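Asker: My structure is below; once you've seen it, I'll send some questions.
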Amino acid sequence: MSRNIATIALLPLLLSFSCLPAQVTKSKKVQAPTASQPHGYDYEHPEAQPAVEALDLDMYARIRKEGLDHSHIMEYASGLFDGIGPRLTGSPNMAKANAWTRDQLAAMGCTNAHLESWGDFGLGWRQISTSVDMATPDTAVFIAQATPWSPATHGAVTADVIAMPFPKDEKAFDEWKGKLAGKVVLLGKAPTIHPDPEPMLQHYDEKKLEQIYDYPLDGDMQEQHVYTDDPQFWAQVFKQVNAKEKISRFLADEHAVAILLSSYGGDGGIIKDDNNEAMGQRVFMPDHKQPIPSVVLANEAFGRLSRLLENHVPVQVAVNVNTQFTGDHQQGYDTIAEIPGTDPSLKDEVVMVGGHLDSWIAGTGATDNGAGTIIAMEVMRILTALHVQPRRTIRIGLWSGEEQGYMGSLGYVANHFGTVGLSTSPEQLEVPEFLRQQVGPLKLKPEQGLISGYFNLDNGGGKLLGIFAQENAAIVPIFQQWMAPLKDLGVTTISMRRTSGTDHDVFDEVGVPGFQFIQDPRDYETRSVHTNQDVYERLSPSDLKQAAVVEAIFVYNTAMRDQMLPRKPLPHPENFDRERQPLKDVMPGAVTK
């Protein structure tokens, strides 16, 4: 779900550190929370960190050799994207993906590979096929897909098309009463397509890295998808978003056949099909089940229909939405597996790696976030293939429900690490949990004191250029040293800025060091994210191999060092600035048609 135009900082590398011994100042060991020390990690007197990291450069070389020369990552890619396909939360494909990842992790030698439920998700659903063909004034085949959780039509239905603007309020329904029966409704205005678009493939160059080096003193981190936590703002947004349910109910009550929508992003045959296209942000809940079929069209097709109708040319289309609901109360599951720790004093501590396994339906979820999933799996394969004996336990978490609001990681963190008290006011209950106002208290569980850090990938399949420090100043000199031997792989940058929009946020909010890597953007934002082009062909094998090697080294270093990673002060609910992702990516209806 995260959409990365990364902010990075070029920081000077420490010199001549690899040959120096670690200089460790002994201090009180971090303990799990107790009655007298409720937060586990001693935030007032944190464990002293060494000035120089003790790096196992032989292991660096072995990880590089295994990951670059003996990679299995494209095998995982074909198995997950070609063999299973899109993985909408609650769908049969999501169940297949959970089982497949569990079995792959067990086969490579991980222990305790299992599925962990985070609770009732809602409606199970899958798209079997969708087609929209123009019948008059000419025949044409359009690029189209059902919106997520759309009901089916009764087979192929040929009907007249009528154009209807998005109603500003319920009063606008009055003029349409009695006019929509048996009609296919073309809802909203046709988007403008720029005749001279920018190139889709993008790479960060040195100039871009230098441009985003400076920390934004005005607090503007929108480039990192960090948005306001103003509760009134989000309440107003979702008041508008949830009004889409009223539109679909009205059209159903007026006996319209189906709704045709434009894609809010993409052209050239690219369509986005996600929360923003669904007729309400809660259509996966049984109590909010959509009553009328809806389809997103490629913008060129939508534009053609719109122009014909504007010129009073009668239009008929044949619509066939073949979808299936597979249950009302599907459980959500995360895939979990481990490489056990071996140090008697550290084995109960954990370092985690992961990303979200779920996807939208338009493509096969290859870059969002299949890439992050298979990179994390390859990290575990590399380490098991090398028979590492980590001091701390290394655990992988592959989350579901991320695209509906971090549901899988929220459930896992709540079950294992802690929770933040959220507002239960009526207007806030209309807002998804991950965006609700934090009112406290912050309640931590014993395991919170035993996790050293969580490393996440969810910005496509580009190579790793560095890492976001998430405003954790103490981590910067550590990561600098870890990255120095990786400079030849292109890993050179550290950002002190926060980034947001995916599962590491949930760990960060309960005081666990959670990090997102900086990735080369490629065509993630411009072509693949949430679109019908999110497929295997958008992946770069060399970039994926590089990313797995880099992440494996970060995970290994965290598992082997004497100290846990340093932490920021605990967030305070009364003033904590919750990180956000852009409205266009997560909020249905937030982009005006």
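In the structure tokens, chains take letters A, B, ... by order of appearance, with residues numbered from 1 within each chain and ligands from 1 in the order shown.
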Mind dumping a table of every segment 257-337 of chain A residue within 7 Å of segment 181-195 of chain A, with the nearest atom pair and its distance in Å to one decimal, using only C-alpha atoms, sorted by chain and rising number, as CSV?
Answerer:
residue,atom,partner,partner_atom,distance
A:Val257,CA,A:Val184,CA,5.2
A:Ala258,CA,A:Val184,CA,5.0
A:Ile259,CA,A:Val185,CA,4.9
A:Leu260,CA,A:Leu186,CA,4.8
A:Leu261,CA,A:Leu187,CA,5.7
A:Ser262,CA,A:Ala190,CA,6.8
A:Asp267,CA,A:Ile193,CA,7.0
A:Asn299,CA,A:Pro191,CA,6.7
A:Phe302,CA,A:Ala190,CA,6.3
A:Gly303,CA,A:Ala190,CA,5.2
A:Ser306,CA,A:Ala190,CA,6.4
Asker: Using only C-alpha atoms, which residues of segment 489-545 of chain A come within 8 Å of segment 64-83 of chain A, and what is the closest atom pair for each, with the distance in Å to one decimal? Give it as CSV, sorted by chain and residue number.
Answerer:
residue,atom,partner,partner_atom,distance
A:Val535,CA,A:Phe81,CA,7.1
A:Tyr536,CA,A:Phe81,CA,6.6
A:Pro541,CA,A:Met74,CA,6.7
A:Leu544,CA,A:Ile73,CA,7.3
A:Lys545,CA,A:Leu68,CA,5.8
Asker: Write to file, as a PDB file, in the first residue's frame, the residues of the selection just made, with N, CA and C atoms.
Answerer:
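Below is the file part.pdb, written as the result:
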ATOM      1  N   VAL A 535       2.268  -6.766 -12.566  1.00  0.00           N
ATOM      2  CA  VAL A 535       2.472  -8.159 -12.956  1.00  0.00           C
ATOM      3  C   VAL A 535       3.973  -8.484 -12.987  1.00  0.00           C
ATOM      4  N   TYR A 536       4.257  -9.759 -13.163  1.00  0.00           N
ATOM      5  CA  TYR A 536       5.634 -10.276 -13.153  1.00  0.00           C
ATOM      6  C   TYR A 536       6.558  -9.463 -14.047  1.00  0.00           C
ATOM      7  N   PRO A 541      14.800  -8.647 -12.108  1.00  0.00           N
ATOM      8  CA  PRO A 541      15.458  -9.699 -11.319  1.00  0.00           C
ATOM      9  C   PRO A 541      16.713  -9.219 -10.604  1.00  0.00           C
ATOM     10  N   LEU A 544      15.778  -7.162  -7.537  1.00  0.00           N
ATOM     11  CA  LEU A 544      15.225  -7.994  -6.462  1.00  0.00           C
ATOM     12  C   LEU A 544      16.331  -8.756  -5.742  1.00  0.00           C
ATOM     13  N   LYS A 545      17.294  -9.286  -6.493  1.00  0.00           N
ATOM     14  CA  LYS A 545      18.418  -9.989  -5.871  1.00  0.00           C
ATOM     15  C   LYS A 545      19.211  -9.049  -4.965  1.00  0.00           C
TER      16      LYS A 545
END
Asker: Hey, which of A:Asn322, A:Phe507, A:Gln104, A:Lys179 ends up closest to Val132 of chain A? Count only C-alpha atoms.
Answerer: A:Asn322
Asker: I need the residues of segment 395-470 of chain A that end up classed as strand (DSSP E) by DSSP on the backbone, written out as a list in words.
Answerer: Arg395, Ile396, Gly397, Leu398, Trp399, Gly418, Thr419, Val420, Gly421, Leu422, Gln438, Val439, Gly440, Pro441, Leu442, Lys443, Leu444, Ile451, Ser452, Gly453, Tyr454, Phe455, Asn456, Leu464, Leu465, Gly466, Ile467 and Phe468 of chain A
Asker: Looking at A:Asp287, A:Glu116, A:Glu427, A:Glu198, which one is nearest to Arg527 of chain A, with distances taken over only C-alpha atoms?
Answerer: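 Closest to Arg527 of chain A of all the choices is A:Glu198.
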Asker: Compile the contact shell of Ile128 of chain A as a PyMOL selection string: residues with an atom at most 10 Å away, counting only C-alpha atoms, same-chain residues fewer than 6 positions apart removed.
Answerer: chain A and resi 146+152+321-324
Asker: At a cut-off of 6 Å, using only C-alpha atoms, what residues contact segment 91-98 of chain A? Leave out same-chain residues fewer than 2 positions from it and give the result as a ChimeraX atom specification.
Answerer: /A:87-89,100-101,124-126,335
Asker: Got a sec: who's within 8 Å of segment 368-383 of chain A, counting only C-alpha atoms, leaving out chain neighbours fewer than 4 positions off, as JSON, numbers by chain?
Answerer: {"A": [1, 63, 66, 67, 71, 72, 73, 76, 77, 80, 81, 105, 108, 109, 110, 339, 353, 354, 355, 356, 357, 358, 359, 387, 388, 396, 398, 456, 457, 458, 459, 460, 461, 528, 529, 530, 534, 539, 544, 545, 547, 548, 549, 551, 552]}
Asker: Give me a file of those residues, with N, CA and C atoms, as a short mmCIF file (atom, residue, chain, number, x, y, z; two decimals), in the first residue's frame.
Answerer:
data_model
loop_
_atom_site.label_atom_id
_atom_site.label_comp_id
_atom_site.auth_asym_id
_atom_site.auth_seq_id
_atom_site.Cartn_x
_atom_site.Cartn_y
_atom_site.Cartn_z
N MET A 1 0.83 -1.20 0.00
CA MET A 1 0.00 0.00 0.00
C MET A 1 0.85 1.24 0.00
N ILE A 63 26.67 -13.91 2.18
CA ILE A 63 25.29 -13.50 1.85
C ILE A 63 25.24 -12.98 0.42
N GLU A 66 25.52 -16.01 -2.03
CA GLU A 66 24.30 -16.82 -2.07
C GLU A 66 23.16 -16.07 -2.74
N GLY A 67 23.00 -14.80 -2.40
CA GLY A 67 21.87 -14.03 -2.90
C GLY A 67 21.99 -13.62 -4.35
N SER A 71 20.21 -17.27 -6.37
CA SER A 71 18.91 -16.74 -5.97
C SER A 71 17.76 -17.65 -6.40
N HIS A 72 16.74 -17.70 -5.57
CA HIS A 72 15.48 -18.37 -5.91
C HIS A 72 14.35 -17.37 -6.09
N ILE A 73 14.67 -16.10 -6.12
CA ILE A 73 13.63 -15.09 -5.98
C ILE A 73 12.66 -15.07 -7.15
N TYR A 76 10.14 -17.82 -6.72
CA TYR A 76 9.08 -17.40 -5.83
C TYR A 76 8.12 -16.45 -6.55
N ALA A 77 8.67 -15.58 -7.40
CA ALA A 77 7.84 -14.62 -8.12
C ALA A 77 6.84 -15.33 -9.02
N LEU A 80 4.14 -17.28 -6.96
CA LEU A 80 3.14 -16.46 -6.27
C LEU A 80 2.29 -15.65 -7.24
N PHE A 81 2.91 -15.04 -8.24
CA PHE A 81 2.17 -14.13 -9.12
C PHE A 81 1.51 -14.85 -10.29
N LEU A 105 8.33 -21.51 3.36
CA LEU A 105 9.22 -21.17 4.47
C LEU A 105 9.61 -22.42 5.25
N MET A 108 12.25 -24.42 3.23
CA MET A 108 13.61 -23.89 3.19
C MET A 108 14.34 -24.06 4.52
N GLY A 109 13.62 -24.53 5.54
CA GLY A 109 14.26 -24.82 6.81
C GLY A 109 13.87 -23.94 7.97
N CYS A 110 12.92 -23.05 7.76
CA CYS A 110 12.43 -22.23 8.88
C CYS A 110 11.62 -23.09 9.84
N ILE A 339 13.75 -18.36 12.24
CA ILE A 339 15.05 -19.00 12.40
C ILE A 339 15.40 -18.81 13.87
N VAL A 353 11.39 -9.30 9.88
CA VAL A 353 11.45 -8.84 8.50
C VAL A 353 10.09 -9.18 7.87
N GLY A 354 9.63 -8.33 6.95
CA GLY A 354 8.34 -8.65 6.36
C GLY A 354 7.83 -7.64 5.37
N GLY A 355 6.59 -7.83 5.02
CA GLY A 355 5.87 -6.98 4.09
C GLY A 355 4.47 -7.54 3.95
N HIS A 356 3.63 -6.86 3.18
CA HIS A 356 2.26 -7.37 3.10
C HIS A 356 2.09 -8.28 1.89
N LEU A 357 1.37 -9.37 2.14
CA LEU A 357 1.14 -10.42 1.16
C LEU A 357 -0.10 -10.15 0.33
N ASP A 358 -1.04 -9.41 0.85
CA ASP A 358 -2.28 -9.15 0.11
C ASP A 358 -2.05 -8.16 -1.01
N SER A 359 -2.99 -8.10 -1.93
CA SER A 359 -2.89 -7.17 -3.06
C SER A 359 -4.29 -6.79 -3.51
N HIS A 387 23.09 -21.70 6.78
CA HIS A 387 23.08 -22.33 8.11
C HIS A 387 23.55 -21.38 9.20
N VAL A 388 23.05 -20.15 9.12
CA VAL A 388 23.42 -19.18 10.15
C VAL A 388 22.90 -19.63 11.50
N ILE A 396 9.92 -13.84 10.28
CA ILE A 396 9.28 -13.21 9.13
C ILE A 396 7.78 -13.08 9.39
N LEU A 398 4.37 -11.99 7.11
CA LEU A 398 3.75 -11.60 5.85
C LEU A 398 2.29 -11.30 6.13
N ASN A 456 10.94 -3.52 6.79
CA ASN A 456 9.80 -3.66 5.88
C ASN A 456 10.17 -3.21 4.47
N LEU A 457 9.54 -3.84 3.49
CA LEU A 457 9.65 -3.40 2.10
C LEU A 457 8.25 -3.36 1.50
N ASP A 458 7.90 -2.20 0.93
CA ASP A 458 6.60 -2.05 0.28
C ASP A 458 6.61 -0.84 -0.65
N ASN A 459 7.65 -0.72 -1.45
CA ASN A 459 7.72 0.38 -2.40
C ASN A 459 8.10 -0.11 -3.79
N GLY A 460 7.59 -1.29 -4.15
CA GLY A 460 7.87 -1.82 -5.47
C GLY A 460 9.06 -2.74 -5.47
N GLY A 461 9.58 -3.00 -6.68
CA GLY A 461 10.66 -3.98 -6.83
C GLY A 461 12.00 -3.39 -7.17
N SER A 528 2.61 0.64 -12.18
CA SER A 528 2.20 -0.67 -11.67
C SER A 528 1.33 -0.63 -10.42
N VAL A 529 1.51 0.36 -9.55
CA VAL A 529 0.85 0.25 -8.25
C VAL A 529 -0.67 0.29 -8.38
N HIS A 530 -1.31 -0.79 -7.93
CA HIS A 530 -2.77 -0.95 -7.91
C HIS A 530 -3.39 -1.06 -9.30
N ASP A 534 0.35 -4.43 -12.68
CA ASP A 534 1.12 -4.90 -11.53
C ASP A 534 1.34 -6.40 -11.68
N LEU A 539 8.91 -6.56 -12.92
CA LEU A 539 9.97 -6.83 -11.96
C LEU A 539 11.34 -6.84 -12.64
N LEU A 544 15.78 -7.16 -7.54
CA LEU A 544 15.23 -7.99 -6.46
C LEU A 544 16.33 -8.76 -5.74
N LYS A 545 17.29 -9.29 -6.49
CA LYS A 545 18.42 -9.99 -5.87
C LYS A 545 19.21 -9.05 -4.97
N ALA A 547 18.16 -6.34 -3.50
CA ALA A 547 17.36 -5.98 -2.33
C ALA A 547 17.39 -7.08 -1.28
N ALA A 548 17.30 -8.33 -1.72
CA ALA A 548 17.31 -9.44 -0.76
C ALA A 548 18.65 -9.53 -0.04
N VAL A 549 19.74 -9.30 -0.76
CA VAL A 549 21.07 -9.33 -0.14
C VAL A 549 21.20 -8.23 0.91
N GLU A 551 18.80 -6.53 2.51
CA GLU A 551 17.92 -6.73 3.67
C GLU A 551 18.42 -7.88 4.53
N ALA A 552 18.94 -8.94 3.92
CA ALA A 552 19.48 -10.05 4.70
C ALA A 552 20.63 -9.60 5.59
#
Asker: Quick one: residues within 10 Å of Gln516 of chain A, only C-alpha atoms, excluding same-chain residues fewer than 5 positions away - as a PyMOL selection string?
Answerer: chain A and resi 2+4+6+355+454-459+466-470+498-505
Asker: Please run DSSP on the backbone and report, as a PyMOL selection string, all residues within segment 117-242 of chain A that come out as alpha helix (DSSP H).
Answerer: chain A and resi 206-211+231-241
Asker: Export, as a PDB file, in the first residue's frame, the selected residues with C-alpha atoms.
Answerer:
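The resulting file, again_22.pdb, is reproduced below:
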ATOM      1  CA  GLU A 206      22.614  11.936  -7.485  1.00  0.00           C
ATOM      2  CA  LYS A 207      20.855  15.250  -8.029  1.00  0.00           C
ATOM      3  CA  LYS A 208      17.596  13.834  -6.674  1.00  0.00           C
ATOM      4  CA  LEU A 209      19.351  12.378  -3.664  1.00  0.00           C
ATOM      5  CA  GLU A 210      21.002  15.690  -2.919  1.00  0.00           C
ATOM      6  CA  GLN A 211      17.725  17.551  -3.406  1.00  0.00           C
ATOM      7  CA  PRO A 231      -9.094  14.019  13.514  1.00  0.00           C
ATOM      8  CA  GLN A 232     -11.554  16.526  12.071  1.00  0.00           C
ATOM      9  CA  PHE A 233      -9.851  16.266   8.683  1.00  0.00           C
ATOM     10  CA  TRP A 234     -10.192  12.489   8.557  1.00  0.00           C
ATOM     11  CA  ALA A 235     -13.740  12.556   9.896  1.00  0.00           C
ATOM     12  CA  GLN A 236     -14.722  14.906   7.065  1.00  0.00           C
ATOM     13  CA  VAL A 237     -12.905  12.800   4.470  1.00  0.00           C
ATOM     14  CA  PHE A 238     -14.732   9.649   5.472  1.00  0.00           C
ATOM     15  CA  LYS A 239     -18.054  11.399   5.725  1.00  0.00           C
ATOM     16  CA  GLN A 240     -17.651  12.053   2.008  1.00  0.00           C
ATOM     17  CA  VAL A 241     -16.205   8.623   1.270  1.00  0.00           C
TER      18      VAL A 241
END
Asker: So which residues touch Asn532 of chain A within 7 Å, counting only C-alpha atoms, skipping near sequence neighbours fewer than 6 positions away, as a PyMOL selection string?
Answerer: chain A and resi 270-272+362-363
Asker: Kindly save the residues from that selection, with C-alpha atoms included, as a short mmCIF file (atom, residue, chain, number, x, y, z; two decimals), in the first residue's frame.
Answerer:
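Output file out.cif follows:
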data_model
loop_
_atom_site.label_atom_id
_atom_site.label_comp_id
_atom_site.auth_asym_id
_atom_site.auth_seq_id
_atom_site.Cartn_x
_atom_site.Cartn_y
_atom_site.Cartn_z
CA ILE A 270 -3.65 1.12 -17.51
CA ILE A 271 -6.44 1.04 -14.96
CA LYS A 272 -6.34 1.37 -11.19
CA ALA A 362 -6.37 -5.70 -11.32
CA GLY A 363 -2.96 -7.34 -11.81
#
Asker: Looking at A:Leu308, A:Ala301, A:Ile553, A:Ala99, which one is nearest to Arg62 of chain A, with distances taken over only C-alpha atoms?
Answerer: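 Nearest to Arg62 of chain A: A:Ile553.
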